[in-house]
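Next up, start-v9.txt (compact mmCIF, N, CA and C atoms):
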```txt
# COMPACT_ATOMS: atom_id res chain seq x y z
N GLN A 515 -13.68 17.66 -29.33
CA GLN A 515 -14.42 17.86 -28.09
C GLN A 515 -13.69 17.15 -26.96
N GLU A 516 -13.49 17.85 -25.86
CA GLU A 516 -12.79 17.25 -24.74
C GLU A 516 -13.74 16.33 -23.99
N ARG A 517 -13.29 15.11 -23.73
CA ARG A 517 -14.14 14.20 -22.99
C ARG A 517 -13.28 13.13 -22.32
N LEU A 518 -13.92 12.36 -21.45
CA LEU A 518 -13.32 11.22 -20.79
C LEU A 518 -14.00 9.95 -21.29
N VAL A 519 -13.22 8.91 -21.49
CA VAL A 519 -13.76 7.64 -22.00
C VAL A 519 -13.28 6.51 -21.10
N GLU A 520 -14.23 5.80 -20.50
CA GLU A 520 -13.90 4.65 -19.67
C GLU A 520 -13.91 3.38 -20.53
N SER A 521 -13.11 2.41 -20.12
CA SER A 521 -13.10 1.10 -20.77
C SER A 521 -12.58 0.08 -19.77
N GLY A 522 -12.73 -1.19 -20.12
CA GLY A 522 -12.17 -2.26 -19.30
C GLY A 522 -13.17 -3.02 -18.47
N GLY A 523 -14.43 -2.61 -18.51
CA GLY A 523 -15.43 -3.33 -17.75
C GLY A 523 -15.72 -4.69 -18.34
N GLY A 524 -16.49 -5.48 -17.62
CA GLY A 524 -16.83 -6.81 -18.13
C GLY A 524 -17.51 -7.63 -17.06
N LEU A 525 -17.72 -8.90 -17.40
CA LEU A 525 -18.34 -9.87 -16.50
C LEU A 525 -17.24 -10.77 -15.94
N VAL A 526 -17.11 -10.79 -14.63
CA VAL A 526 -16.10 -11.61 -13.98
C VAL A 526 -16.71 -12.33 -12.79
N GLN A 527 -15.96 -13.26 -12.24
CA GLN A 527 -16.42 -13.97 -11.05
C GLN A 527 -15.84 -13.32 -9.79
N ALA A 528 -16.50 -13.56 -8.69
CA ALA A 528 -16.00 -13.04 -7.42
C ALA A 528 -14.57 -13.53 -7.19
N GLY A 529 -13.72 -12.61 -6.74
CA GLY A 529 -12.32 -12.93 -6.52
C GLY A 529 -11.41 -12.56 -7.68
N ASP A 530 -12.01 -12.32 -8.84
CA ASP A 530 -11.22 -11.95 -10.02
C ASP A 530 -10.80 -10.48 -9.95
N SER A 531 -10.03 -10.08 -10.97
CA SER A 531 -9.55 -8.70 -11.07
C SER A 531 -9.95 -8.10 -12.41
N LEU A 532 -10.05 -6.79 -12.41
CA LEU A 532 -10.26 -6.00 -13.62
C LEU A 532 -9.46 -4.72 -13.50
N ARG A 533 -9.07 -4.19 -14.65
CA ARG A 533 -8.45 -2.87 -14.67
C ARG A 533 -9.26 -1.96 -15.57
N LEU A 534 -9.81 -0.93 -14.99
CA LEU A 534 -10.55 0.05 -15.76
C LEU A 534 -9.62 1.18 -16.18
N SER A 535 -9.91 1.73 -17.36
CA SER A 535 -9.13 2.85 -17.87
C SER A 535 -10.03 4.06 -18.04
N CYS A 536 -9.45 5.22 -17.81
CA CYS A 536 -10.14 6.49 -18.04
C CYS A 536 -9.19 7.32 -18.90
N ALA A 537 -9.53 7.44 -20.17
CA ALA A 537 -8.67 8.15 -21.12
C ALA A 537 -9.26 9.51 -21.45
N ALA A 538 -8.39 10.51 -21.52
CA ALA A 538 -8.83 11.85 -21.89
C ALA A 538 -8.56 12.08 -23.36
N SER A 539 -9.50 12.74 -24.01
CA SER A 539 -9.34 13.04 -25.43
C SER A 539 -9.45 14.54 -25.66
N GLY A 540 -9.22 14.94 -26.88
CA GLY A 540 -9.26 16.36 -27.19
C GLY A 540 -8.03 17.05 -26.66
N ARG A 541 -8.21 18.24 -26.11
CA ARG A 541 -7.09 19.02 -25.61
C ARG A 541 -6.89 18.86 -24.11
N THR A 542 -7.52 17.84 -23.53
CA THR A 542 -7.40 17.62 -22.09
C THR A 542 -6.15 16.82 -21.78
N PHE A 543 -5.30 17.37 -20.93
CA PHE A 543 -4.15 16.64 -20.42
C PHE A 543 -4.52 16.16 -19.03
N ILE A 544 -4.68 14.86 -18.92
CA ILE A 544 -5.20 14.31 -17.67
C ILE A 544 -4.25 14.57 -16.51
N SER A 545 -2.99 14.82 -16.82
CA SER A 545 -2.02 15.11 -15.77
C SER A 545 -2.31 16.43 -15.05
N ASN A 546 -3.18 17.25 -15.62
CA ASN A 546 -3.52 18.53 -15.01
C ASN A 546 -4.69 18.45 -14.03
N TYR A 547 -5.36 17.32 -14.00
CA TYR A 547 -6.64 17.26 -13.30
C TYR A 547 -6.70 16.17 -12.23
N ASN A 548 -7.43 16.49 -11.17
CA ASN A 548 -7.86 15.44 -10.25
C ASN A 548 -8.88 14.56 -10.96
N ILE A 549 -8.85 13.28 -10.68
CA ILE A 549 -9.77 12.34 -11.30
C ILE A 549 -10.49 11.56 -10.22
N GLY A 550 -11.80 11.47 -10.36
CA GLY A 550 -12.60 10.67 -9.44
C GLY A 550 -13.26 9.52 -10.17
N TRP A 551 -13.46 8.44 -9.45
CA TRP A 551 -14.21 7.28 -9.96
C TRP A 551 -15.44 7.09 -9.08
N PHE A 552 -16.55 6.85 -9.73
CA PHE A 552 -17.81 6.60 -9.05
C PHE A 552 -18.46 5.38 -9.69
N ARG A 553 -19.41 4.80 -8.99
CA ARG A 553 -20.16 3.70 -9.56
C ARG A 553 -21.64 3.87 -9.20
N GLN A 554 -22.46 3.25 -10.03
CA GLN A 554 -23.90 3.39 -9.85
C GLN A 554 -24.61 2.10 -10.22
N THR A 555 -25.57 1.74 -9.42
CA THR A 555 -26.45 0.61 -9.72
C THR A 555 -27.87 1.14 -9.87
N PRO A 556 -28.73 0.40 -10.57
CA PRO A 556 -30.11 0.88 -10.82
C PRO A 556 -30.83 1.25 -9.53
N GLY A 557 -31.44 2.42 -9.54
CA GLY A 557 -32.23 2.85 -8.40
C GLY A 557 -31.44 3.48 -7.28
N LYS A 558 -30.13 3.54 -7.44
CA LYS A 558 -29.29 4.12 -6.39
C LYS A 558 -28.53 5.33 -6.91
N GLU A 559 -28.09 6.16 -5.97
CA GLU A 559 -27.31 7.33 -6.36
C GLU A 559 -25.88 6.90 -6.71
N ARG A 560 -25.23 7.77 -7.47
CA ARG A 560 -23.85 7.50 -7.83
C ARG A 560 -22.99 7.53 -6.55
N GLU A 561 -22.13 6.52 -6.41
CA GLU A 561 -21.38 6.28 -5.18
C GLU A 561 -19.89 6.49 -5.43
N PHE A 562 -19.24 7.21 -4.51
CA PHE A 562 -17.80 7.43 -4.63
C PHE A 562 -17.03 6.11 -4.48
N VAL A 563 -16.00 5.94 -5.32
CA VAL A 563 -15.14 4.76 -5.26
C VAL A 563 -13.70 5.16 -4.91
N ALA A 564 -13.14 6.08 -5.70
CA ALA A 564 -11.74 6.45 -5.50
C ALA A 564 -11.46 7.77 -6.20
N ALA A 565 -10.41 8.45 -5.75
CA ALA A 565 -10.02 9.71 -6.38
C ALA A 565 -8.51 9.89 -6.25
N ASN A 566 -7.97 10.64 -7.18
CA ASN A 566 -6.53 10.82 -7.25
C ASN A 566 -6.25 12.26 -7.64
N GLU A 567 -5.37 12.92 -6.88
CA GLU A 567 -5.06 14.31 -7.23
C GLU A 567 -4.15 14.36 -8.44
N TRP A 568 -4.13 15.50 -9.10
CA TRP A 568 -3.50 15.65 -10.42
C TRP A 568 -2.03 15.23 -10.41
N HIS A 569 -1.31 15.46 -9.29
CA HIS A 569 0.11 15.13 -9.23
C HIS A 569 0.34 13.65 -8.93
N GLY A 570 -0.76 12.93 -8.61
CA GLY A 570 -0.66 11.50 -8.38
C GLY A 570 -0.13 11.10 -7.03
N VAL A 571 0.16 12.08 -6.17
CA VAL A 571 0.76 11.75 -4.88
C VAL A 571 -0.29 11.25 -3.89
N ARG A 572 -1.45 11.88 -3.91
CA ARG A 572 -2.49 11.51 -2.94
C ARG A 572 -3.66 10.84 -3.63
N SER A 573 -4.08 9.72 -3.07
CA SER A 573 -5.27 9.01 -3.54
C SER A 573 -6.20 8.79 -2.35
N PHE A 574 -7.47 8.68 -2.68
CA PHE A 574 -8.49 8.50 -1.65
C PHE A 574 -9.40 7.35 -2.09
N TYR A 575 -9.82 6.54 -1.13
CA TYR A 575 -10.63 5.37 -1.47
C TYR A 575 -11.81 5.26 -0.52
N ALA A 576 -12.92 4.78 -1.05
CA ALA A 576 -14.06 4.43 -0.20
C ALA A 576 -13.65 3.27 0.70
N ASP A 577 -14.20 3.24 1.88
CA ASP A 577 -13.87 2.16 2.82
C ASP A 577 -14.15 0.79 2.22
N SER A 578 -15.18 0.71 1.40
CA SER A 578 -15.60 -0.58 0.84
C SER A 578 -14.60 -1.15 -0.15
N VAL A 579 -13.70 -0.31 -0.67
CA VAL A 579 -12.75 -0.80 -1.68
C VAL A 579 -11.30 -0.66 -1.21
N LYS A 580 -11.09 -0.06 -0.06
CA LYS A 580 -9.74 0.18 0.43
C LYS A 580 -9.01 -1.15 0.59
N GLY A 581 -7.78 -1.21 0.09
CA GLY A 581 -6.99 -2.43 0.15
C GLY A 581 -7.21 -3.35 -1.04
N ARG A 582 -8.25 -3.10 -1.82
CA ARG A 582 -8.53 -3.94 -3.00
C ARG A 582 -8.37 -3.17 -4.30
N PHE A 583 -8.68 -1.89 -4.30
CA PHE A 583 -8.61 -1.06 -5.51
C PHE A 583 -7.41 -0.13 -5.41
N THR A 584 -6.79 0.14 -6.56
CA THR A 584 -5.64 1.03 -6.60
C THR A 584 -5.70 1.91 -7.85
N LEU A 585 -5.46 3.20 -7.65
CA LEU A 585 -5.41 4.14 -8.77
C LEU A 585 -3.97 4.34 -9.22
N SER A 586 -3.80 4.53 -10.52
CA SER A 586 -2.50 4.90 -11.05
C SER A 586 -2.70 5.76 -12.28
N ARG A 587 -1.62 6.43 -12.69
CA ARG A 587 -1.69 7.29 -13.87
C ARG A 587 -0.57 6.96 -14.84
N ASP A 588 -0.89 7.09 -16.12
CA ASP A 588 0.12 7.03 -17.16
C ASP A 588 -0.06 8.29 -17.99
N ASN A 589 0.71 9.31 -17.65
CA ASN A 589 0.51 10.61 -18.32
C ASN A 589 0.88 10.54 -19.80
N ALA A 590 1.82 9.67 -20.14
CA ALA A 590 2.19 9.53 -21.55
C ALA A 590 1.02 9.03 -22.38
N LYS A 591 0.16 8.22 -21.76
CA LYS A 591 -1.02 7.70 -22.46
C LYS A 591 -2.27 8.52 -22.14
N ASN A 592 -2.07 9.56 -21.33
CA ASN A 592 -3.20 10.44 -20.98
C ASN A 592 -4.34 9.63 -20.34
N THR A 593 -3.97 8.71 -19.46
CA THR A 593 -4.94 7.74 -18.92
C THR A 593 -4.73 7.55 -17.42
N VAL A 594 -5.86 7.38 -16.72
CA VAL A 594 -5.85 6.98 -15.32
C VAL A 594 -6.45 5.59 -15.23
N TYR A 595 -5.85 4.73 -14.41
CA TYR A 595 -6.30 3.35 -14.27
C TYR A 595 -6.87 3.11 -12.88
N LEU A 596 -7.88 2.25 -12.83
CA LEU A 596 -8.41 1.77 -11.56
C LEU A 596 -8.26 0.26 -11.56
N GLN A 597 -7.26 -0.21 -10.82
CA GLN A 597 -7.03 -1.65 -10.69
C GLN A 597 -7.93 -2.18 -9.58
N MET A 598 -8.75 -3.15 -9.93
CA MET A 598 -9.72 -3.70 -8.98
C MET A 598 -9.41 -5.17 -8.76
N ASN A 599 -9.02 -5.51 -7.55
CA ASN A 599 -8.69 -6.89 -7.19
C ASN A 599 -9.71 -7.45 -6.20
N SER A 600 -9.72 -8.75 -6.08
CA SER A 600 -10.62 -9.42 -5.11
C SER A 600 -12.04 -8.90 -5.24
N LEU A 601 -12.53 -8.88 -6.45
CA LEU A 601 -13.85 -8.30 -6.70
C LEU A 601 -14.94 -9.09 -6.00
N LYS A 602 -15.95 -8.34 -5.56
CA LYS A 602 -17.10 -8.91 -4.87
C LYS A 602 -18.37 -8.59 -5.66
N SER A 603 -19.42 -9.33 -5.39
CA SER A 603 -20.67 -9.10 -6.11
C SER A 603 -21.17 -7.67 -5.87
N GLU A 604 -20.91 -7.12 -4.70
CA GLU A 604 -21.36 -5.76 -4.40
C GLU A 604 -20.56 -4.69 -5.14
N ASP A 605 -19.52 -5.07 -5.86
CA ASP A 605 -18.79 -4.12 -6.70
C ASP A 605 -19.46 -3.93 -8.06
N THR A 606 -20.50 -4.70 -8.32
CA THR A 606 -21.22 -4.60 -9.58
C THR A 606 -21.82 -3.21 -9.75
N GLY A 607 -21.71 -2.67 -10.96
CA GLY A 607 -22.29 -1.37 -11.26
C GLY A 607 -21.68 -0.77 -12.51
N VAL A 608 -22.18 0.38 -12.89
CA VAL A 608 -21.58 1.15 -13.97
C VAL A 608 -20.56 2.09 -13.33
N TYR A 609 -19.34 2.02 -13.83
CA TYR A 609 -18.25 2.82 -13.28
C TYR A 609 -17.99 4.01 -14.18
N TYR A 610 -17.91 5.18 -13.54
CA TYR A 610 -17.68 6.44 -14.24
C TYR A 610 -16.41 7.10 -13.72
N CYS A 611 -15.66 7.71 -14.63
CA CYS A 611 -14.60 8.59 -14.18
C CYS A 611 -15.03 10.03 -14.47
N ALA A 612 -14.46 10.97 -13.75
CA ALA A 612 -14.87 12.36 -13.86
C ALA A 612 -13.73 13.26 -13.45
N ARG A 613 -13.79 14.50 -13.92
CA ARG A 613 -12.80 15.49 -13.52
C ARG A 613 -13.50 16.83 -13.27
N PRO A 614 -12.93 17.63 -12.41
CA PRO A 614 -13.47 18.97 -12.23
C PRO A 614 -12.96 19.91 -13.32
N GLU A 615 -13.61 21.05 -13.50
CA GLU A 615 -13.09 22.07 -14.40
C GLU A 615 -11.93 22.80 -13.74
N VAL A 616 -11.96 22.85 -12.40
CA VAL A 616 -10.97 23.61 -11.65
C VAL A 616 -9.67 22.83 -11.57
N LEU A 617 -8.56 23.51 -11.79
CA LEU A 617 -7.25 22.88 -11.65
C LEU A 617 -6.81 22.91 -10.18
N GLY A 618 -5.79 22.12 -9.88
CA GLY A 618 -5.21 22.15 -8.54
C GLY A 618 -5.74 21.05 -7.64
N ASP A 619 -5.18 21.00 -6.43
CA ASP A 619 -5.61 20.01 -5.45
C ASP A 619 -7.08 20.18 -5.10
N TYR A 620 -7.63 19.20 -4.41
CA TYR A 620 -9.02 19.31 -3.99
C TYR A 620 -9.21 20.46 -3.02
N ALA A 621 -8.20 20.70 -2.15
CA ALA A 621 -8.12 21.91 -1.32
C ALA A 621 -9.45 22.29 -0.69
N GLY A 622 -10.02 21.38 0.06
CA GLY A 622 -11.25 21.70 0.75
C GLY A 622 -12.50 21.26 0.00
N ARG A 623 -12.37 21.04 -1.28
CA ARG A 623 -13.54 20.50 -2.01
C ARG A 623 -13.62 19.00 -1.70
N ASP A 624 -14.83 18.51 -1.67
CA ASP A 624 -15.06 17.12 -1.28
C ASP A 624 -14.83 16.20 -2.46
N TYR A 625 -13.76 15.42 -2.42
CA TYR A 625 -13.43 14.53 -3.54
C TYR A 625 -14.47 13.43 -3.72
N ALA A 626 -15.27 13.19 -2.70
CA ALA A 626 -16.27 12.12 -2.77
C ALA A 626 -17.65 12.63 -3.20
N ASP A 627 -17.76 13.90 -3.47
CA ASP A 627 -19.05 14.50 -3.85
C ASP A 627 -19.13 14.62 -5.37
N VAL A 628 -20.21 14.10 -5.95
CA VAL A 628 -20.37 14.16 -7.41
C VAL A 628 -20.36 15.60 -7.92
N HIS A 629 -20.78 16.54 -7.08
CA HIS A 629 -20.87 17.94 -7.52
C HIS A 629 -19.51 18.62 -7.63
N THR A 630 -18.47 17.95 -7.15
CA THR A 630 -17.11 18.47 -7.31
C THR A 630 -16.63 18.32 -8.75
N TYR A 631 -17.28 17.47 -9.51
CA TYR A 631 -16.83 17.09 -10.84
C TYR A 631 -17.75 17.66 -11.93
N ASP A 632 -17.14 18.06 -13.04
CA ASP A 632 -17.89 18.74 -14.10
C ASP A 632 -17.93 17.96 -15.41
N VAL A 633 -16.93 17.14 -15.67
CA VAL A 633 -16.85 16.40 -16.92
C VAL A 633 -16.86 14.92 -16.59
N TRP A 634 -17.79 14.19 -17.18
CA TRP A 634 -17.99 12.77 -16.88
C TRP A 634 -17.86 11.94 -18.15
N GLY A 635 -17.37 10.71 -17.96
CA GLY A 635 -17.38 9.77 -19.06
C GLY A 635 -18.75 9.11 -19.18
N GLN A 636 -18.86 8.21 -20.14
CA GLN A 636 -20.15 7.56 -20.41
C GLN A 636 -20.36 6.32 -19.53
N GLY A 637 -19.31 5.85 -18.87
CA GLY A 637 -19.43 4.71 -17.97
C GLY A 637 -19.07 3.39 -18.63
N THR A 638 -18.64 2.45 -17.80
CA THR A 638 -18.37 1.09 -18.26
C THR A 638 -18.94 0.12 -17.23
N GLN A 639 -19.60 -0.92 -17.74
CA GLN A 639 -20.32 -1.85 -16.86
C GLN A 639 -19.36 -2.88 -16.28
N VAL A 640 -19.44 -3.07 -14.97
CA VAL A 640 -18.72 -4.13 -14.28
C VAL A 640 -19.76 -5.02 -13.60
N THR A 641 -19.70 -6.31 -13.92
CA THR A 641 -20.61 -7.26 -13.31
C THR A 641 -19.80 -8.38 -12.67
N VAL A 642 -20.01 -8.57 -11.38
CA VAL A 642 -19.28 -9.59 -10.64
C VAL A 642 -20.28 -10.64 -10.18
N SER A 643 -20.11 -11.85 -10.67
CA SER A 643 -21.01 -12.93 -10.29
C SER A 643 -20.43 -13.68 -9.09
N SER A 644 -21.32 -14.05 -8.19
CA SER A 644 -20.87 -14.73 -6.96
C SER A 644 -20.92 -16.24 -7.14
```
Please express what this file holds, its structure, as structure tokens.
Amino acid sequence: QERLVESGGGLVQAGDSLRLSCAASGRTFISNYNIGWFRQTPGKEREFVAANEWHGVRSFYADSVKGRFTLSRDNAKNTVYLQMNSLKSEDTGVYYCARPEVLGDYAGRDYADVHTYDVWGQGTQVTVSS
């Protein structure tokens, strides 16, 4: 079964770093897909964090994480990474990676909209203590 699996979450202090991984399994080659990262806290809607187009050339970041978070890809490991530096308490949440069923660039589709994505991982918890 094709799916995405997040890992790397944990409990850290403000100012620390974490690297989250989003690995594709089954017959999914992550190099073919745009990947988005979202986060969610209890009682709130899922919030866009970052996105990366399939070729890895263009990345997009929420204003709240710009300059602190960085996306990268390792196609040999079929994995996308979200490097998170200078973490703040407001970065706390469950982090999800997702991909659309459609191949190609975002091309007018909203990379920050959850409805652009069709396949989601189960999430990994990130807790930042102040």
| remark: Between A:Ala626, A:Leu525, A:Ala564, A:Leu518, smallest distance to A:Ser539 by only C-alpha atoms belongs to A:Leu518
| message | I'd like to know which residues of stretch 553-638 of chain A are strand (DSSP E) (by DSSP, run on the backbone); could you write them as a PyMOL selection string? | response | chain A and resi 553-554+561-566+573-575+583-588+593-598+607-613+633-634+638
Quick one: write out the picked residues with N, CA and C atoms as a CSV table (one decimal), in the frame of the given file?
```
chain,number,residue,atom,x,y,z
A,553,ARG,N,-19.4,4.8,-9.0
A,553,ARG,CA,-20.2,3.7,-9.6
A,553,ARG,C,-21.6,3.9,-9.2
A,554,GLN,N,-22.5,3.2,-10.0
A,554,GLN,CA,-23.9,3.4,-9.8
A,554,GLN,C,-24.6,2.1,-10.2
A,561,GLU,N,-22.1,6.5,-6.4
A,561,GLU,CA,-21.4,6.3,-5.2
A,561,GLU,C,-19.9,6.5,-5.4
A,562,PHE,N,-19.2,7.2,-4.5
A,562,PHE,CA,-17.8,7.4,-4.6
A,562,PHE,C,-17.0,6.1,-4.5
A,563,VAL,N,-16.0,5.9,-5.3
A,563,VAL,CA,-15.1,4.8,-5.3
A,563,VAL,C,-13.7,5.2,-4.9
A,564,ALA,N,-13.1,6.1,-5.7
A,564,ALA,CA,-11.7,6.4,-5.5
A,564,ALA,C,-11.5,7.8,-6.2
A,565,ALA,N,-10.4,8.4,-5.8
A,565,ALA,CA,-10.0,9.7,-6.4
A,565,ALA,C,-8.5,9.9,-6.2
A,566,ASN,N,-8.0,10.6,-7.2
A,566,ASN,CA,-6.5,10.8,-7.2
A,566,ASN,C,-6.2,12.3,-7.6
A,573,SER,N,-4.1,9.7,-3.1
A,573,SER,CA,-5.3,9.0,-3.5
A,573,SER,C,-6.2,8.8,-2.4
A,574,PHE,N,-7.5,8.7,-2.7
A,574,PHE,CA,-8.5,8.5,-1.6
A,574,PHE,C,-9.4,7.4,-2.1
A,575,TYR,N,-9.8,6.5,-1.1
A,575,TYR,CA,-10.6,5.4,-1.5
A,575,TYR,C,-11.8,5.3,-0.5
A,583,PHE,N,-8.7,-1.9,-4.3
A,583,PHE,CA,-8.6,-1.1,-5.5
A,583,PHE,C,-7.4,-0.1,-5.4
A,584,THR,N,-6.8,0.1,-6.6
A,584,THR,CA,-5.6,1.0,-6.6
A,584,THR,C,-5.7,1.9,-7.8
A,585,LEU,N,-5.5,3.2,-7.6
A,585,LEU,CA,-5.4,4.1,-8.8
A,585,LEU,C,-4.0,4.3,-9.2
A,586,SER,N,-3.8,4.5,-10.5
A,586,SER,CA,-2.5,4.9,-11.0
A,586,SER,C,-2.7,5.8,-12.3
A,587,ARG,N,-1.6,6.4,-12.7
A,587,ARG,CA,-1.7,7.3,-13.9
A,587,ARG,C,-0.6,7.0,-14.8
A,588,ASP,N,-0.9,7.1,-16.1
A,588,ASP,CA,0.1,7.0,-17.2
A,588,ASP,C,-0.1,8.3,-18.0
A,593,THR,N,-4.0,8.7,-19.5
A,593,THR,CA,-4.9,7.7,-18.9
A,593,THR,C,-4.7,7.6,-17.4
A,594,VAL,N,-5.9,7.4,-16.7
A,594,VAL,CA,-5.8,7.0,-15.3
A,594,VAL,C,-6.4,5.6,-15.2
A,595,TYR,N,-5.8,4.7,-14.4
A,595,TYR,CA,-6.3,3.4,-14.3
A,595,TYR,C,-6.9,3.1,-12.9
A,596,LEU,N,-7.9,2.2,-12.8
A,596,LEU,CA,-8.4,1.8,-11.6
A,596,LEU,C,-8.3,0.3,-11.6
A,597,GLN,N,-7.3,-0.2,-10.8
A,597,GLN,CA,-7.0,-1.6,-10.7
A,597,GLN,C,-7.9,-2.2,-9.6
A,598,MET,N,-8.8,-3.2,-9.9
A,598,MET,CA,-9.7,-3.7,-9.0
A,598,MET,C,-9.4,-5.2,-8.8
A,607,GLY,N,-21.7,-2.7,-11.0
A,607,GLY,CA,-22.3,-1.4,-11.3
A,607,GLY,C,-21.7,-0.8,-12.5
A,608,VAL,N,-22.2,0.4,-12.9
A,608,VAL,CA,-21.6,1.2,-14.0
A,608,VAL,C,-20.6,2.1,-13.3
A,609,TYR,N,-19.3,2.0,-13.8
A,609,TYR,CA,-18.2,2.8,-13.3
A,609,TYR,C,-18.0,4.0,-14.2
A,610,TYR,N,-17.9,5.2,-13.5
A,610,TYR,CA,-17.7,6.4,-14.2
A,610,TYR,C,-16.4,7.1,-13.7
A,611,CYS,N,-15.7,7.7,-14.6
A,611,CYS,CA,-14.6,8.6,-14.2
A,611,CYS,C,-15.0,10.0,-14.5
A,612,ALA,N,-14.5,11.0,-13.8
A,612,ALA,CA,-14.9,12.4,-13.9
A,612,ALA,C,-13.7,13.3,-13.4
A,613,ARG,N,-13.8,14.5,-13.9
A,613,ARG,CA,-12.8,15.5,-13.5
A,613,ARG,C,-13.5,16.8,-13.3
A,633,VAL,N,-16.9,17.1,-15.7
A,633,VAL,CA,-16.8,16.4,-16.9
A,633,VAL,C,-16.9,14.9,-16.6
A,634,TRP,N,-17.8,14.2,-17.2
A,634,TRP,CA,-18.0,12.8,-16.9
A,634,TRP,C,-17.9,11.9,-18.2
A,638,THR,N,-18.6,2.4,-17.8
A,638,THR,CA,-18.4,1.1,-18.3
A,638,THR,C,-18.9,0.1,-17.2
```
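Take the candidates A:Ile544, A:Val628, A:Met598, A:Ala621 and check each one against A:Arg572 using only C-alpha atoms; the shortest distance goes to A:Ala621.
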All helix (DSSP H, G or I) positions in chain A, as a compact mmCIF listing (two decimals) with N, CA and C atoms, keeping the file's coordinate frame:
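And here's states-v9.txt as it stands now:
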```txt
# COMPACT_ATOMS: atom_id res chain seq x y z
N ILE A 544 -4.68 14.86 -18.92
CA ILE A 544 -5.20 14.31 -17.67
C ILE A 544 -4.25 14.57 -16.51
N SER A 545 -2.99 14.82 -16.82
CA SER A 545 -2.02 15.11 -15.77
C SER A 545 -2.31 16.43 -15.05
N ASN A 546 -3.18 17.25 -15.62
CA ASN A 546 -3.52 18.53 -15.01
C ASN A 546 -4.69 18.45 -14.03
N ASN A 589 0.71 9.31 -17.65
CA ASN A 589 0.51 10.61 -18.32
C ASN A 589 0.88 10.54 -19.80
N ALA A 590 1.82 9.67 -20.14
CA ALA A 590 2.19 9.53 -21.55
C ALA A 590 1.02 9.03 -22.38
N LYS A 591 0.16 8.22 -21.76
CA LYS A 591 -1.02 7.70 -22.46
C LYS A 591 -2.27 8.52 -22.14
N SER A 603 -19.42 -9.33 -5.39
CA SER A 603 -20.67 -9.10 -6.11
C SER A 603 -21.17 -7.67 -5.87
N GLU A 604 -20.91 -7.12 -4.70
CA GLU A 604 -21.36 -5.76 -4.40
C GLU A 604 -20.56 -4.69 -5.14
N ASP A 605 -19.52 -5.07 -5.86
CA ASP A 605 -18.79 -4.12 -6.70
C ASP A 605 -19.46 -3.93 -8.06
N VAL A 628 -20.21 14.10 -5.95
CA VAL A 628 -20.37 14.16 -7.41
C VAL A 628 -20.36 15.60 -7.92
N HIS A 629 -20.78 16.54 -7.08
CA HIS A 629 -20.87 17.94 -7.52
C HIS A 629 -19.51 18.62 -7.63
N THR A 630 -18.47 17.95 -7.15
CA THR A 630 -17.11 18.47 -7.31
C THR A 630 -16.63 18.32 -8.75
```
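From atom C of A:Ile549 back to atom CA of A:Asn589, the distance works out to 13.7 Å.
Here the question is which of A:Ala612, A:Phe583, A:Gly637, A:Val642 gets nearest to A:Asn599 using all atoms listed in the file, and that residue is A:Phe583.
Across the structure, atom N of A:Val571 and atom CA of A:Ser545 are spaced 10.3 Å apart.
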Would you mind listing what lies within 7 Å of A:Thr593 as a PDB file with N, CA and C atoms, in the coordinates of the input, with only C-alpha atoms counted and same-chain residues fewer than 4 positions away left out?
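Okay, part-v1.pdb is ready:
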```
ATOM      1  N   SER A 535      -9.910   1.730 -17.360  1.00  0.00           N
ATOM      2  CA  SER A 535      -9.130   2.850 -17.870  1.00  0.00           C
ATOM      3  C   SER A 535     -10.030   4.060 -18.040  1.00  0.00           C
ATOM      4  N   CYS A 536      -9.450   5.220 -17.810  1.00  0.00           N
ATOM      5  CA  CYS A 536     -10.140   6.490 -18.040  1.00  0.00           C
ATOM      6  C   CYS A 536      -9.190   7.320 -18.900  1.00  0.00           C
ATOM      7  N   ALA A 537      -9.530   7.440 -20.170  1.00  0.00           N
ATOM      8  CA  ALA A 537      -8.670   8.150 -21.120  1.00  0.00           C
ATOM      9  C   ALA A 537      -9.260   9.510 -21.450  1.00  0.00           C
ATOM     10  N   ALA A 538      -8.390  10.510 -21.520  1.00  0.00           N
ATOM     11  CA  ALA A 538      -8.830  11.850 -21.890  1.00  0.00           C
ATOM     12  C   ALA A 538      -8.560  12.080 -23.360  1.00  0.00           C
ATOM     13  N   ILE A 544      -4.680  14.860 -18.920  1.00  0.00           N
ATOM     14  CA  ILE A 544      -5.200  14.310 -17.670  1.00  0.00           C
ATOM     15  C   ILE A 544      -4.250  14.570 -16.510  1.00  0.00           C
ATOM     16  N   ARG A 587      -1.620   6.430 -12.690  1.00  0.00           N
ATOM     17  CA  ARG A 587      -1.690   7.290 -13.870  1.00  0.00           C
ATOM     18  C   ARG A 587      -0.570   6.960 -14.840  1.00  0.00           C
ATOM     19  N   ASP A 588      -0.890   7.090 -16.120  1.00  0.00           N
ATOM     20  CA  ASP A 588       0.120   7.030 -17.160  1.00  0.00           C
ATOM     21  C   ASP A 588      -0.060   8.290 -17.990  1.00  0.00           C
ATOM     22  N   ASN A 589       0.710   9.310 -17.650  1.00  0.00           N
ATOM     23  CA  ASN A 589       0.510  10.610 -18.320  1.00  0.00           C
ATOM     24  C   ASN A 589       0.880  10.540 -19.800  1.00  0.00           C
TER      25      ASN A 589
END
```
| remark: Taken to one decimal, the atom CA of A:Tyr631-atom C of A:Glu561 distance is 12.3 Å
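The protein and nucleic acid residues lying at most 5 Å from A:Ser643 are Val526, Gln527 and Ala528 of chain A, with all atoms listed in the file considered and sequence neighbours fewer than 3 positions away removed.
Nearest to A:Trp634 of all the residues A:Ala590, A:Leu596, A:Val616, A:Cys611 is A:Cys611, counting only C-alpha atoms.
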| task | Using all atoms listed in the file, determine which residues lie at most 7 Å from A:Glu615, disregarding the query and same-chain residues fewer than 4 positions distant; provide the list as a PyMOL selection string. | result | chain A and resi 630-633
Quick one: write out the picked residues with N, CA and C atoms as a compact mmCIF listing (two decimals), in the frame of the given file?
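As a result, out_17.txt now contains:
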```txt
# COMPACT_ATOMS: atom_id res chain seq x y z
N THR A 630 -18.47 17.95 -7.15
CA THR A 630 -17.11 18.47 -7.31
C THR A 630 -16.63 18.32 -8.75
N TYR A 631 -17.28 17.47 -9.51
CA TYR A 631 -16.83 17.09 -10.84
C TYR A 631 -17.75 17.66 -11.93
N ASP A 632 -17.14 18.06 -13.04
CA ASP A 632 -17.89 18.74 -14.10
C ASP A 632 -17.93 17.96 -15.41
N VAL A 633 -16.93 17.14 -15.67
CA VAL A 633 -16.85 16.40 -16.92
C VAL A 633 -16.86 14.92 -16.59
```
